[in-house]
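A.B. asks: Just one file: target_21.txt, with compact mmCIF, C-alpha atoms.
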# COMPACT_ATOMS: atom_id res chain seq x y z
CA MET G 954 110.65 122.21 257.95
CA GLN G 955 114.22 121.58 256.85
CA LEU G 956 116.31 124.42 255.40
CA THR G 957 119.41 124.06 253.26
CA ILE G 958 121.87 126.87 253.87
CA LEU G 959 124.82 127.65 251.60
CA ALA G 960 127.90 129.20 253.16
CA PHE G 961 130.68 131.20 251.49
CA GLY G 962 134.00 132.74 252.46
CA ILE G 963 134.59 132.87 256.18
CA ALA G 964 131.03 131.64 256.86
CA LYS G 965 131.99 128.35 255.21
CA ASP G 966 135.04 128.14 257.49
CA ILE G 967 132.93 128.86 260.59
CA LEU G 968 130.37 126.18 259.72
CA GLY G 969 133.15 123.83 258.67
CA ARG G 970 131.17 123.00 255.55
CA ARG G 971 129.73 124.50 252.37
CA GLU G 972 126.14 123.44 253.06
CA LEU G 973 124.18 123.11 256.29
CA GLN G 974 120.87 121.31 256.80
CA LEU G 975 118.85 122.87 259.62
CA GLU G 976 115.48 121.82 261.11
CA VAL G 977 113.42 124.93 262.00
CA PRO G 978 109.78 125.77 262.85
CA ASP G 979 107.51 126.57 259.89
CA ASP G 980 107.18 130.29 260.69
CA THR G 981 110.91 131.01 260.80
CA THR G 982 111.98 134.45 259.56
CA VAL G 983 115.40 135.53 258.32
CA ARG G 984 115.96 137.18 261.71
CA ASP G 985 115.07 133.95 263.54
CA LEU G 986 117.52 132.02 261.40
CA LYS G 987 120.29 134.51 262.08
CA ASP G 988 119.62 134.35 265.85
CA ARG G 989 119.74 130.56 265.74
CA LEU G 990 123.02 130.55 263.80
CA LEU G 991 124.62 133.14 266.11
CA GLU G 992 123.65 131.03 269.11
CA ARG G 993 125.02 127.83 267.61
CA TYR G 994 128.12 129.42 266.02
CA PRO G 995 129.14 132.39 268.23
CA GLU G 996 132.03 133.18 265.87
CA PHE G 997 129.52 134.82 263.51
CA SER G 998 129.09 137.65 266.01
CA ARG G 999 132.76 138.59 265.47
CA LEU G 1000 132.18 139.39 261.79
CA VAL G 1001 131.70 142.93 260.51
CA SER G 1002 128.32 141.86 259.12
CA LEU G 1003 126.30 138.81 258.17
CA ALA G 1004 123.61 139.08 255.52
CA ILE G 1005 121.22 136.40 254.35
CA ALA G 1006 120.35 135.94 250.72
CA VAL G 1007 117.11 134.20 249.80
CA ASN G 1008 116.92 132.92 246.24
CA SER G 1009 119.97 134.95 245.20
CA GLU G 1010 118.69 138.27 246.60
CA TYR G 1011 119.63 140.09 249.77
CA SER G 1012 116.70 139.56 252.14
CA ALA G 1013 115.00 141.76 254.71
CA GLU G 1014 115.00 140.41 258.27
CA ASP G 1015 111.26 139.93 258.54
CA VAL G 1016 110.88 137.68 255.50
CA LEU G 1017 109.35 134.26 256.21
CA LEU G 1018 111.47 131.39 254.94
CA GLN G 1019 110.11 128.53 252.82
CA GLU G 1020 111.50 125.01 252.64
CA ARG G 1021 112.29 125.34 248.90
CA ASP G 1022 114.16 128.64 249.29
CA GLU G 1023 117.83 128.76 248.39
CA ILE G 1024 119.34 130.37 251.47
CA ALA G 1025 122.91 131.68 251.60
CA LEU G 1026 125.06 133.21 254.31
CA ILE G 1027 126.83 136.34 253.05
CA PRO G 1028 129.72 137.49 255.24
CA PRO G 1029 131.40 140.83 254.37
CA VAL G 1030 132.14 140.79 250.65
CA SER G 1031 135.61 141.64 249.32
CA GLY G 1032 135.57 141.33 245.54
CA GLY G 1033 137.07 143.76 243.06
CA MET L 950 164.74 192.41 214.47
CA GLN L 951 162.99 189.73 212.45
CA LEU L 952 160.74 187.19 214.16
CA THR L 953 159.70 183.81 212.82
CA ILE L 954 156.22 182.87 213.92
CA LEU L 955 154.76 179.36 213.64
CA ALA L 956 151.01 179.01 213.19
CA PHE L 957 148.79 176.02 213.90
CA GLY L 958 145.15 175.05 213.45
CA ILE L 959 142.92 177.94 212.51
CA ALA L 960 145.79 180.41 213.02
CA LYS L 961 147.56 178.79 210.07
CA ASP L 962 144.39 179.21 207.98
CA ILE L 963 144.09 182.88 208.98
CA LEU L 964 147.71 183.63 208.09
CA GLY L 965 147.40 181.52 204.96
CA ARG L 966 150.74 179.89 205.83
CA ARG L 967 152.49 177.80 208.46
CA GLU L 968 155.28 180.27 209.13
CA LEU L 969 155.34 184.08 209.12
CA GLN L 970 158.42 186.35 209.05
CA LEU L 971 157.73 189.67 210.78
CA GLU L 972 159.99 192.73 211.18
CA VAL L 973 159.45 194.30 214.65
CA PRO L 974 161.24 196.82 216.92
CA ASP L 975 163.84 195.35 219.29
CA ASP L 976 161.79 195.93 222.47
CA THR L 977 158.70 194.06 221.28
CA THR L 978 156.76 192.20 223.96
CA VAL L 979 154.33 189.30 223.52
CA ARG L 980 151.50 191.79 223.97
CA ASP L 981 152.91 194.09 221.24
CA LEU L 982 153.17 191.14 218.86
CA LYS L 983 149.56 190.13 219.54
CA ASP L 984 148.35 193.71 218.95
CA ARG L 985 150.27 193.84 215.67
CA LEU L 986 148.83 190.51 214.50
CA LEU L 987 145.28 191.48 215.48
CA GLU L 988 145.64 194.71 213.53
CA ARG L 989 146.99 193.00 210.42
CA TYR L 990 144.71 189.90 210.64
CA PRO L 991 141.43 191.08 212.24
CA GLU L 992 140.04 187.54 212.01
CA PHE L 993 142.12 186.64 215.11
CA SER L 994 139.79 188.79 217.19
CA ARG L 995 136.92 186.39 216.39
CA LEU L 996 138.65 183.46 218.09
CA VAL L 997 137.79 182.34 221.62
CA SER L 998 141.43 182.95 222.59
CA LEU L 999 144.89 183.40 221.12
CA ALA L 1000 147.93 182.46 223.18
CA ILE L 1001 151.56 182.88 222.28
CA ALA L 1002 154.14 180.23 223.05
CA VAL L 1003 157.79 181.23 223.29
CA ASN L 1004 160.25 178.36 223.02
CA SER L 1005 157.49 175.77 223.53
CA GLU L 1006 156.07 177.37 226.67
CA TYR L 1007 152.95 179.48 227.14
CA SER L 1008 154.23 183.02 227.60
CA ALA L 1009 153.10 185.93 229.77
CA GLU L 1010 152.12 189.10 227.89
CA ASP L 1011 154.93 191.27 229.19
CA VAL L 1012 157.80 189.02 228.08
CA LEU L 1013 160.31 190.68 225.72
CA LEU L 1014 160.86 188.71 222.53
CA GLN L 1015 164.30 187.82 221.17
CA GLU L 1016 165.19 187.23 217.53
CA ARG L 1017 166.21 183.61 218.18
CA ASP L 1018 162.99 182.72 220.04
CA GLU L 1019 160.71 180.07 218.58
CA ILE L 1020 157.35 181.83 218.63
CA ALA L 1021 154.07 180.02 218.01
CA LEU L 1022 150.45 181.13 217.72
CA ILE L 1023 148.19 178.91 219.83
CA PRO L 1024 144.49 179.25 218.97
CA PRO L 1025 141.98 177.39 221.22
CA VAL L 1026 143.22 173.81 221.59
CA SER L 1027 140.91 170.85 220.95
CA GLY L 1028 142.87 167.66 221.48
CA GLY L 1029 141.71 164.58 223.37
CA MET M 1077 160.80 156.16 234.85
CA LYS M 1078 157.16 156.40 235.82
CA ILE M 1079 155.94 158.62 232.96
CA ASP M 1080 155.41 157.55 229.35
CA ILE M 1081 154.39 160.31 226.90
CA GLN M 1082 153.81 159.53 223.25
CA LEU M 1083 152.54 161.54 220.30
CA LYS M 1084 151.88 158.93 217.62
CA HIS M 1085 151.13 159.13 213.93
CA GLY M 1086 149.78 155.57 213.96
CA SER M 1087 147.11 153.83 215.99
CA LEU M 1088 147.01 153.71 219.80
CA SER M 1089 146.85 150.58 221.98
CA PRO M 1090 145.09 150.74 225.36
CA GLN M 1091 146.49 147.27 226.14
CA GLN M 1092 150.03 148.55 225.65
CA CYS M 1093 149.36 151.41 228.08
CA ILE M 1094 147.80 149.05 230.63
CA ASP M 1095 150.75 146.66 230.38
CA TRP M 1096 153.18 149.54 230.83
CA VAL M 1097 151.51 150.94 233.99
CA SER M 1098 151.04 147.50 235.57
CA SER M 1099 153.26 146.47 238.46
CA PRO M 1100 153.08 144.28 241.58
CA ARG M 1101 152.70 147.44 243.68
CA VAL M 1102 149.54 148.45 241.86
CA GLY M 1103 146.01 147.82 243.09
CA GLY M 1104 144.00 149.89 240.65
CA ILE M 1105 144.40 151.14 237.09
CA ASP M 1106 142.13 153.69 235.49
CA VAL M 1107 142.21 154.08 231.74
CA PHE M 1108 140.55 156.75 229.64
CA VAL M 1109 140.10 156.19 225.93
CA GLY M 1110 138.90 159.07 223.74
CA THR M 1111 137.42 157.95 220.44
CA VAL M 1112 136.16 159.68 217.32
CA ARG M 1113 132.38 159.96 217.30
CA GLU M 1114 130.31 159.69 214.13
CA GLN M 1115 128.60 163.03 214.66
CA THR M 1116 128.84 166.43 216.32
CA GLN M 1117 125.53 168.02 217.20
CA GLY M 1118 123.73 165.87 214.69
CA ARG M 1119 126.08 166.66 211.81
CA PRO M 1120 127.77 163.50 210.44
CA VAL M 1121 131.56 163.60 210.53
CA LEU M 1122 133.55 162.10 207.62
CA TYR M 1123 136.89 162.12 209.42
CA LEU M 1124 139.02 164.22 211.76
CA ASP M 1125 142.41 165.76 211.28
CA PHE M 1126 144.54 166.27 214.39
CA GLU M 1127 147.43 168.70 214.16
CA ALA M 1128 149.95 169.27 216.94
CA TYR M 1129 152.74 171.66 217.79
CA GLU M 1130 154.68 168.53 218.52
CA PRO M 1131 157.56 169.47 220.85
CA MET M 1132 155.29 171.69 222.93
CA ALA M 1133 152.47 169.11 222.96
CA VAL M 1134 154.85 166.49 224.33
CA ALA M 1135 156.17 168.99 226.90
CA GLU M 1136 152.65 169.94 228.04
CA MET M 1137 151.60 166.29 228.30
CA ARG M 1138 154.68 165.65 230.41
CA LYS M 1139 153.78 168.60 232.68
CA ILE M 1140 150.33 167.11 233.21
CA ALA M 1141 151.84 163.75 234.15
CA GLU M 1142 154.35 165.39 236.49
CA THR M 1143 151.70 167.48 238.22
CA ALA M 1144 149.51 164.38 238.61
CA CYS M 1145 152.46 162.53 240.18
CA GLU M 1146 152.89 165.36 242.69
CA ARG M 1147 149.20 165.39 243.63
CA TRP M 1148 148.47 161.67 243.81
CA PRO M 1149 150.46 158.57 244.82
CA ILE M 1150 150.90 157.38 241.25
CA GLU M 1151 152.87 154.28 240.41
CA ARG M 1152 152.95 154.93 236.65
CA ILE M 1153 151.17 157.11 234.12
CA ALA M 1154 151.02 156.82 230.32
CA ILE M 1155 149.57 159.51 228.05
CA HIS M 1156 149.41 158.66 224.34
CA HIS M 1157 147.84 160.99 221.80
CA ARG M 1158 147.42 160.36 218.11
CA VAL M 1159 147.84 162.98 215.36
CA GLY M 1160 146.98 162.96 211.66
CA LYS M 1161 143.85 161.74 209.96
CA LEU M 1162 141.46 159.72 212.16
CA GLU M 1163 138.37 157.84 211.06
CA ILE M 1164 135.17 157.28 213.05
CA GLY M 1165 135.87 154.88 215.91
CA ASP M 1166 139.63 155.49 215.92
CA LEU M 1167 141.29 156.21 219.25
CA ALA M 1168 142.51 159.81 219.64
CA VAL M 1169 143.90 159.55 223.17
CA VAL M 1170 144.66 156.90 225.78
CA ILE M 1171 145.56 157.76 229.37
CA ALA M 1172 146.39 155.03 231.89
CA VAL M 1173 147.17 155.65 235.56
CA SER M 1174 148.13 153.04 238.13
CA THR M 1175 148.01 153.61 241.88
CA PRO M 1176 148.12 151.48 245.03
CA HIS M 1177 144.44 152.35 245.71
CA ARG M 1178 141.78 153.02 243.14
CA LYS M 1179 140.35 156.44 244.06
CA ALA M 1180 143.60 158.21 243.18
CA ALA M 1181 143.69 156.46 239.79
CA PHE M 1182 140.24 157.81 238.87
CA ASP M 1183 141.02 161.33 240.12
CA ALA M 1184 144.41 161.53 238.42
CA CYS M 1185 143.12 160.13 235.12
CA GLN M 1186 140.23 162.58 235.05
CA TYR M 1187 142.58 165.44 235.93
CA ALA M 1188 144.89 164.39 233.09
CA ILE M 1189 142.24 164.30 230.35
CA ASP M 1190 140.52 167.48 231.59
CA THR M 1191 143.82 169.36 231.63
CA LEU M 1192 145.00 167.88 228.32
CA LYS M 1193 141.90 169.29 226.64
CA LYS M 1194 142.70 172.75 228.01
CA THR M 1195 146.45 173.09 227.64
CA VAL M 1196 148.00 170.68 225.14
CA PRO M 1197 148.57 172.34 221.73
CA ILE M 1198 146.68 169.87 219.58
CA TRP M 1199 143.95 170.99 217.19
CA LYS M 1200 141.11 168.95 215.81
CA LYS M 1201 139.52 169.73 212.45
CA GLU M 1202 136.19 168.06 211.79
CA VAL M 1203 135.57 167.33 208.14
CA PHE M 1204 131.94 167.05 207.02
CA THR M 1205 130.46 166.28 203.62
CA ASP M 1206 129.78 170.01 203.21
CA GLY M 1207 132.70 171.73 204.88
CA GLU M 1208 135.16 171.59 207.73
CA VAL M 1209 135.67 173.31 211.06
CA TRP M 1210 138.43 173.74 213.65
CA VAL M 1211 136.76 172.55 216.85
CA ALA M 1212 136.36 175.13 219.66
CA ALA M 1213 138.07 177.93 217.70
CA HIS M 1214 135.06 180.25 217.62
CA PRO M 1215 132.54 181.06 220.36
CA MET Y 1064 122.21 144.48 224.49
CA LYS Y 1065 124.24 147.16 226.19
CA ILE Y 1066 125.33 145.16 229.26
CA ASP Y 1067 127.97 142.42 229.34
CA ILE Y 1068 128.46 140.64 232.69
CA GLN Y 1069 131.00 137.85 233.05
CA LEU Y 1070 132.30 135.83 235.98
CA LYS Y 1071 135.35 134.08 234.62
CA HIS Y 1072 137.56 131.28 235.90
CA GLY Y 1073 140.33 132.27 233.48
CA SER Y 1074 142.17 135.52 232.82
CA LEU Y 1075 140.48 138.83 231.98
CA SER Y 1076 141.16 141.00 228.92
CA PRO Y 1077 140.76 144.79 229.17
CA GLN Y 1078 141.15 145.01 225.40
CA GLN Y 1079 138.19 142.68 224.92
CA CYS Y 1080 136.07 144.89 227.20
CA ILE Y 1081 137.17 148.05 225.37
CA ASP Y 1082 136.39 146.51 221.99
CA TRP Y 1083 132.97 145.45 223.23
CA VAL Y 1084 131.95 148.89 224.56
CA SER Y 1085 133.30 150.74 221.51
CA SER Y 1086 130.87 152.16 218.96
CA PRO Y 1087 130.68 155.10 216.53
CA ARG Y 1088 128.31 156.83 218.96
CA VAL Y 1089 130.92 156.81 221.72
CA GLY Y 1090 133.20 159.72 222.59
CA GLY Y 1091 134.73 158.49 225.83
CA ILE Y 1092 135.49 155.15 227.44
CA ASP Y 1093 136.59 154.76 231.02
CA VAL Y 1094 138.10 151.46 232.10
CA PHE Y 1095 138.92 150.32 235.60
CA VAL Y 1096 141.29 147.40 236.10
CA GLY Y 1097 141.71 145.92 239.59
CA THR Y 1098 144.92 143.96 240.03
CA VAL Y 1099 146.43 141.80 242.75
CA ARG Y 1100 149.00 143.70 244.78
CA GLU Y 1101 152.12 142.07 246.17
CA GLN Y 1102 151.39 143.13 249.72
CA THR Y 1103 148.71 144.18 252.18
CA GLN Y 1104 149.86 146.53 254.90
CA GLY Y 1105 153.45 145.48 254.44
CA ARG Y 1106 152.73 141.73 254.60
CA PRO Y 1107 153.79 139.94 251.38
CA VAL Y 1108 150.96 138.06 249.66
CA LEU Y 1109 151.67 134.68 248.04
CA TYR Y 1110 148.42 134.50 246.11
CA LEU Y 1111 144.72 135.26 246.42
CA ASP Y 1112 141.72 133.00 246.23
CA PHE Y 1113 138.45 134.53 245.03
CA GLU Y 1114 135.25 132.67 245.81
CA ALA Y 1115 131.82 133.72 244.54
CA TYR Y 1116 128.19 132.82 245.11
CA GLU Y 1117 128.06 132.69 241.34
CA PRO Y 1118 124.41 133.14 240.31
CA MET Y 1119 123.92 135.91 242.87
CA ALA Y 1120 127.24 137.57 241.98
CA VAL Y 1121 126.20 137.71 238.33
CA ALA Y 1122 122.76 139.06 239.30
CA GLU Y 1123 124.26 141.75 241.55
CA MET Y 1124 126.76 142.80 238.86
CA ARG Y 1125 123.87 143.07 236.42
CA LYS Y 1126 121.94 145.26 238.89
CA ILE Y 1127 124.93 147.60 239.14
CA ALA Y 1128 125.10 147.88 235.36
CA GLU Y 1129 121.36 148.46 235.10
CA THR Y 1130 121.38 151.16 237.78
CA ALA Y 1131 124.35 152.85 236.06
CA CYS Y 1132 122.43 152.82 232.77
CA GLU Y 1133 119.49 154.52 234.48
CA ARG Y 1134 121.66 157.23 236.03
CA TRP Y 1135 124.03 158.03 233.16
CA PRO Y 1136 123.69 158.12 229.35
CA ILE Y 1137 125.66 154.92 228.86
CA GLU Y 1138 126.23 153.44 225.44
CA ARG Y 1139 127.61 150.11 226.74
CA ILE Y 1140 128.99 148.69 229.97
CA ALA Y 1141 131.05 145.55 230.58
CA ILE Y 1142 131.79 144.14 234.05
CA HIS Y 1143 134.09 141.11 234.14
CA HIS Y 1144 135.24 139.56 237.42
CA ARG Y 1145 137.61 136.68 237.85
CA VAL Y 1146 137.29 133.91 240.46
CA GLY Y 1147 139.67 131.18 241.61
CA LYS Y 1148 143.36 131.42 242.40
CA LEU Y 1149 145.05 134.68 241.33
CA GLU Y 1150 148.76 135.46 241.42
CA ILE Y 1151 150.39 138.85 242.03
CA GLY Y 1152 149.74 141.12 239.03
CA ASP Y 1153 146.73 139.15 237.78
CA LEU Y 1154 143.58 141.09 236.94
CA ALA Y 1155 140.69 140.53 239.36
CA VAL Y 1156 138.15 142.85 237.77
CA VAL Y 1157 137.71 144.90 234.60
CA ILE Y 1158 134.93 147.45 234.16
CA ALA Y 1159 134.54 149.40 230.91
CA VAL Y 1160 131.93 152.09 230.33
CA SER Y 1161 131.37 154.00 227.11
CA THR Y 1162 129.37 157.23 226.87
CA PRO Y 1163 128.89 160.04 224.35
CA HIS Y 1164 130.78 162.43 226.67
CA ARG Y 1165 133.56 161.53 229.05
CA LYS Y 1166 132.41 162.80 232.46
CA ALA Y 1167 129.59 160.25 232.62
CA ALA Y 1168 132.02 157.43 231.79
CA PHE Y 1169 134.23 158.29 234.78
CA ASP Y 1170 131.30 158.71 237.15
CA ALA Y 1171 129.56 155.51 236.07
CA CYS Y 1172 132.75 153.44 236.17
CA GLN Y 1173 133.63 154.67 239.64
CA TYR Y 1174 130.06 154.00 240.81
CA ALA Y 1175 130.28 150.49 239.40
CA ILE Y 1176 133.53 149.49 241.14
CA ASP Y 1177 132.56 151.20 244.42
CA THR Y 1178 129.20 149.39 244.47
CA LEU Y 1179 130.68 146.08 243.33
CA LYS Y 1180 132.97 146.12 246.35
CA LYS Y 1181 129.99 146.62 248.66
CA THR Y 1182 127.29 144.36 247.25
CA VAL Y 1183 128.60 141.61 244.97
CA PRO Y 1184 128.96 138.28 246.82
CA ILE Y 1185 132.61 137.59 246.05
CA TRP Y 1186 135.14 136.85 248.77
CA LYS Y 1187 138.88 137.29 248.66
CA LYS Y 1188 141.22 135.17 250.74
CA GLU Y 1189 144.78 136.42 251.05
CA VAL Y 1190 147.32 133.67 251.46
CA PHE Y 1191 150.59 134.61 253.15
CA THR Y 1192 153.66 132.51 253.89
CA ASP Y 1193 152.47 132.23 257.48
CA GLY Y 1194 148.70 132.02 257.25
CA GLU Y 1195 145.64 133.22 255.39
CA VAL Y 1196 142.82 135.68 255.95
CA TRP Y 1197 139.41 136.45 254.48
CA VAL Y 1198 139.67 140.12 253.58
CA ALA Y 1199 137.32 142.53 255.41
CA ALA Y 1200 135.60 139.79 257.41
CA HIS Y 1201 136.62 141.08 260.83
CA PRO Y 1202 136.71 144.66 262.15
Produce structure tokens that represent the structure in this file.
C.D. replies:
Amino acid sequence: MQLTILAFGIAKDILGRRELQLEVPDDTTVRDLKDRLLERYPEFSRLVSLAIAVNSEYSAEDVLLQERDEIALIPPVSGG
Amino acid sequence: MQLTILAFGIAKDILGRRELQLEVPDDTTVRDLKDRLLERYPEFSRLVSLAIAVNSEYSAEDVLLQERDEIALIPPVSGG
Amino acid sequence: MKIDIQLKHGSLSPQQCIDWVSSPRVGGIDVFVGTVREQTQGRPVLYLDFEAYEPMAVAEMRKIAETACERWPIERIAIHHRVGKLEIGDLAVVIAVSTPHRKAAFDACQYAIDTLKKTVPIWKKEVFTDGEVWVAAHP
Amino acid sequence: MKIDIQLKHGSLSPQQCIDWVSSPRVGGIDVFVGTVREQTQGRPVLYLDFEAYEPMAVAEMRKIAETACERWPIERIAIHHRVGKLEIGDLAVVIAVSTPHRKAAFDACQYAIDTLKKTVPIWKKEVFTDGEVWVAAHP
């Protein structure tokens, strides 16, 4: 299946774009996606943290992703 | 000597006036003044507390009063 | 001048206090606003009357601000208290504290209002439909 | 409706937040205002750029307000955050909490800003004369 991944803050700079299309196997979990991104973009491993939001909620690592999910990369937040 | 004593809040109600003139011996301390007032106006003993300010400062009980001092009765405060 | 103390007979403005404590060196501002509630322990209040021993009240508010400035890295602090007749919803006190980092602003502002309520010679009379009472006078 | 969450592209107004949380049932209001400082660790900042994952940021701010309302007896709570380009002295966030008694207002307001800084997907880029940096991204 094909996932659409939104990127914000420094994650957007690392990807070089605001939105990434990624072809992944059907049984991909949040953890699998993170591993794949870390492999392809080693700079992510230098961040303090990298969370994944699925449909506007922080997601656990073992959640299975669906093609229609809105997926977002959440580097360390710094609002306020 | 003659002291002029300012009264605020419920102390003003107890004295029935905003300012009291009181003839006292020359070596009167803050504690003596309080004793005298409590004797003459027993209602003061029903208050949570009664402090005396001398020249706009909370005063210790053993301070000797002077005729020119500005003396004020400070019942429990309730600002804010 | 980093301290602004005011005892006012007219209405208070939180925005004015915030503007006064603002500066480019500030990261956080904490503001406390004390307002007149419609009831005390279920008894409806008509209005309040605040009386102050004015010179001493100003001096005690200044002491609070000075002590706060010794204890915390404060950029600016404003303490404004109103006296006279206040209606329900009116502002009785506004305290604004600005600091480089926010934790100190919260701590200093809370210290200021807690201490103000203990030491500043201001008295509040609650007026009800069937009587009136000096708050906190009796046990 | 006791919760007001806003993510704004224009300037914030503390007075508007205070007015919104005010009510005759309220005795204390605590307000936190986060402003843009002129420097970070001695390095002068030109301006800041705040970016948000907007729907999630609004949802996370709402969660904070809801949790605060469960933990403290809150009358009303407003959380306004600004996004986009901010200059030195601009307001980045305003949180106002009103409660019957003041202690809960301080505690809830501090909880709200502390949690906001940990969970709400908003990112701050500091722009200096000689470069820029996403705050808190790297150790």
A.B. asks: Taking (130.5, 156.7, 243.1) in the file's coordinates as the center, which residues reach within 12 Å of it, counting all atoms listed in the file, put as a PyMOL selection string?
C.D. replies: (chain M and resi 1178-1179+1182-1183) or (chain Y and resi 1127+1130-1131+1134-1135+1167-1181)
A.B. asks: Distance atom CA of Val1112 of chain M-atom CA of Val1026 of chain L, one decimal place?
C.D. replies: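 For atom CA of Val1112 of chain M relative to atom CA of Val1026 of chain L, the distance reads 16.4 Å.
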A.B. asks: For atom CA of His1157 of chain M and atom CA of Leu1075 of chain Y, determine how far apart the two atoms are, in Å to one decimal place.
C.D. replies: 25.5 Å
A.B. asks: Within 9 Å of (146.3, 156.2, 223.8) in the file's own coordinates, which protein, DNA or RNA residues have an atom, counting all atoms listed in the file? List them as a compact mmCIF listing (two decimals) with C-alpha atoms, in the coordinates of the input.
C.D. replies:
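Output file part15.txt is given in full below:
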# COMPACT_ATOMS: atom_id res chain seq x y z
CA GLN M 1082 153.81 159.53 223.25
CA LEU M 1083 152.54 161.54 220.30
CA LYS M 1084 151.88 158.93 217.62
CA SER M 1087 147.11 153.83 215.99
CA LEU M 1088 147.01 153.71 219.80
CA SER M 1089 146.85 150.58 221.98
CA PRO M 1090 145.09 150.74 225.36
CA GLN M 1092 150.03 148.55 225.65
CA CYS M 1093 149.36 151.41 228.08
CA PHE M 1108 140.55 156.75 229.64
CA VAL M 1109 140.10 156.19 225.93
CA GLY M 1110 138.90 159.07 223.74
CA ALA M 1154 151.02 156.82 230.32
CA ILE M 1155 149.57 159.51 228.05
CA HIS M 1156 149.41 158.66 224.34
CA HIS M 1157 147.84 160.99 221.80
CA ARG M 1158 147.42 160.36 218.11
CA LEU M 1167 141.29 156.21 219.25
CA ALA M 1168 142.51 159.81 219.64
CA VAL M 1169 143.90 159.55 223.17
CA VAL M 1170 144.66 156.90 225.78
CA ILE M 1171 145.56 157.76 229.37
CA ALA M 1172 146.39 155.03 231.89
A.B. asks: Suppose you want the space between atom CA of Ala1002 of chain L and atom CA of Met1137 of chain M; what is it in Å?
C.D. replies: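 Interatomic distance, atom CA of Ala1002 of chain L to atom CA of Met1137 of chain M: 15.1 Å.
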A.B. asks: Return the single residue from Y:Gly1091, Y:Asp1193, Y:Pro1118, Y:Val1160 that is closest to chain L, with distances computed using all atoms listed in the file.
C.D. replies: Y:Gly1091
A.B. asks: Go through M:Val1097, M:Ile1153, M:Ile1164, M:Val1134 one by one, measure the shortest atom-to-atom distance of each to chain L using all atoms listed in the file, and give the residue with the smallest value.
C.D. replies: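 Distance minimum relative to chain L lands on M:Val1134.
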A.B. asks: Per residue of chain M within 6 Å of chain L, record the nearest atom pair and its distance in Å to one decimal, counting only C-alpha atoms, with rows in chain order and ascending residue number, as a tab-separated table.
C.D. replies:
residue	atom	partner	partner_atom	distance
M:Met1132	CA	L:Ser1005	CA	4.7
M:Val1169	CA	L:Gly1029	CA	5.5
M:Lys1193	CA	L:Gly1028	CA	5.5
M:Pro1197	CA	L:Val1026	CA	5.6
M:Ile1198	CA	L:Gly1028	CA	4.8
M:Trp1199	CA	L:Ser1027	CA	4.8
M:Lys1200	CA	L:Ser1027	CA	5.5
M:Ala1213	CA	L:Pro1025	CA	5.3
M:His1214	CA	L:Leu996	CA	4.8
M:Pro1215	CA	L:Val997	CA	5.5
A.B. asks: Could you check the closest approach to chain M for each of Y:Gly1152, Y:Pro1107, Y:Gly1147, Y:Gly1194 and tell me which residue wins, using only C-alpha atoms?
C.D. replies: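 For chain M, the nearest of the given residues is Y:Gly1152.
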A.B. asks: Which residue, L:Leu987, L:Ile1020, L:Ile1001, L:Leu952, has the smallest gap to Asp975 of chain L when you use all atoms listed in the file?
C.D. replies: L:Leu952
A.B. asks: My list of candidates is M:Asp1095, M:Asp1125, M:Glu1136, M:Glu1130. Which is closest to Thr1195 of chain M when distances are computed with all atoms listed in the file?
C.D. replies: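 When distances to Thr1195 of chain M are compared using all atoms listed in the file, the smallest one comes from M:Glu1136.
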A.B. asks: Could segment 1105-1114 of chain M be completed with N, CA and C atoms and returned as an mmCIF file, in the coordinates of the input?
C.D. replies:
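After the write, result_16.cif holds the following:
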data_model
loop_
_atom_site.group_PDB
_atom_site.id
_atom_site.type_symbol
_atom_site.label_atom_id
_atom_site.label_comp_id
_atom_site.auth_asym_id
_atom_site.auth_seq_id
_atom_site.Cartn_x
_atom_site.Cartn_y
_atom_site.Cartn_z
ATOM 1 N N ILE M 1105 143.993 150.421 238.298
ATOM 2 C CA ILE M 1105 144.400 151.140 237.090
ATOM 3 C C ILE M 1105 143.162 151.776 236.493
ATOM 4 N N ASP M 1106 143.227 153.077 236.222
ATOM 5 C CA ASP M 1106 142.130 153.690 235.490
ATOM 6 C C ASP M 1106 142.658 154.083 234.118
ATOM 7 N N VAL M 1107 141.829 153.818 233.111
ATOM 8 C CA VAL M 1107 142.210 154.080 231.740
ATOM 9 C C VAL M 1107 141.128 154.916 231.085
ATOM 10 N N PHE M 1108 141.512 156.004 230.445
ATOM 11 C CA PHE M 1108 140.550 156.750 229.640
ATOM 12 C C PHE M 1108 140.921 156.587 228.177
ATOM 13 N N VAL M 1109 139.900 156.312 227.367
ATOM 14 C CA VAL M 1109 140.100 156.190 225.930
ATOM 15 C C VAL M 1109 139.159 157.183 225.247
ATOM 16 N N GLY M 1110 139.715 158.102 224.492
ATOM 17 C CA GLY M 1110 138.900 159.070 223.740
ATOM 18 C C GLY M 1110 138.820 158.608 222.298
ATOM 19 N N THR M 1111 137.602 158.473 221.794
ATOM 20 C CA THR M 1111 137.420 157.950 220.440
ATOM 21 C C THR M 1111 136.709 158.973 219.558
ATOM 22 N N VAL M 1112 136.779 158.764 218.272
ATOM 23 C CA VAL M 1112 136.160 159.680 217.320
ATOM 24 C C VAL M 1112 134.691 159.288 217.124
ATOM 25 N N ARG M 1113 133.811 160.221 217.439
ATOM 26 C CA ARG M 1113 132.380 159.960 217.300
ATOM 27 C C ARG M 1113 131.908 160.214 215.878
ATOM 28 N N GLU M 1114 130.803 159.571 215.514
ATOM 29 C CA GLU M 1114 130.310 159.690 214.130
ATOM 30 C C GLU M 1114 129.655 161.038 213.863
#
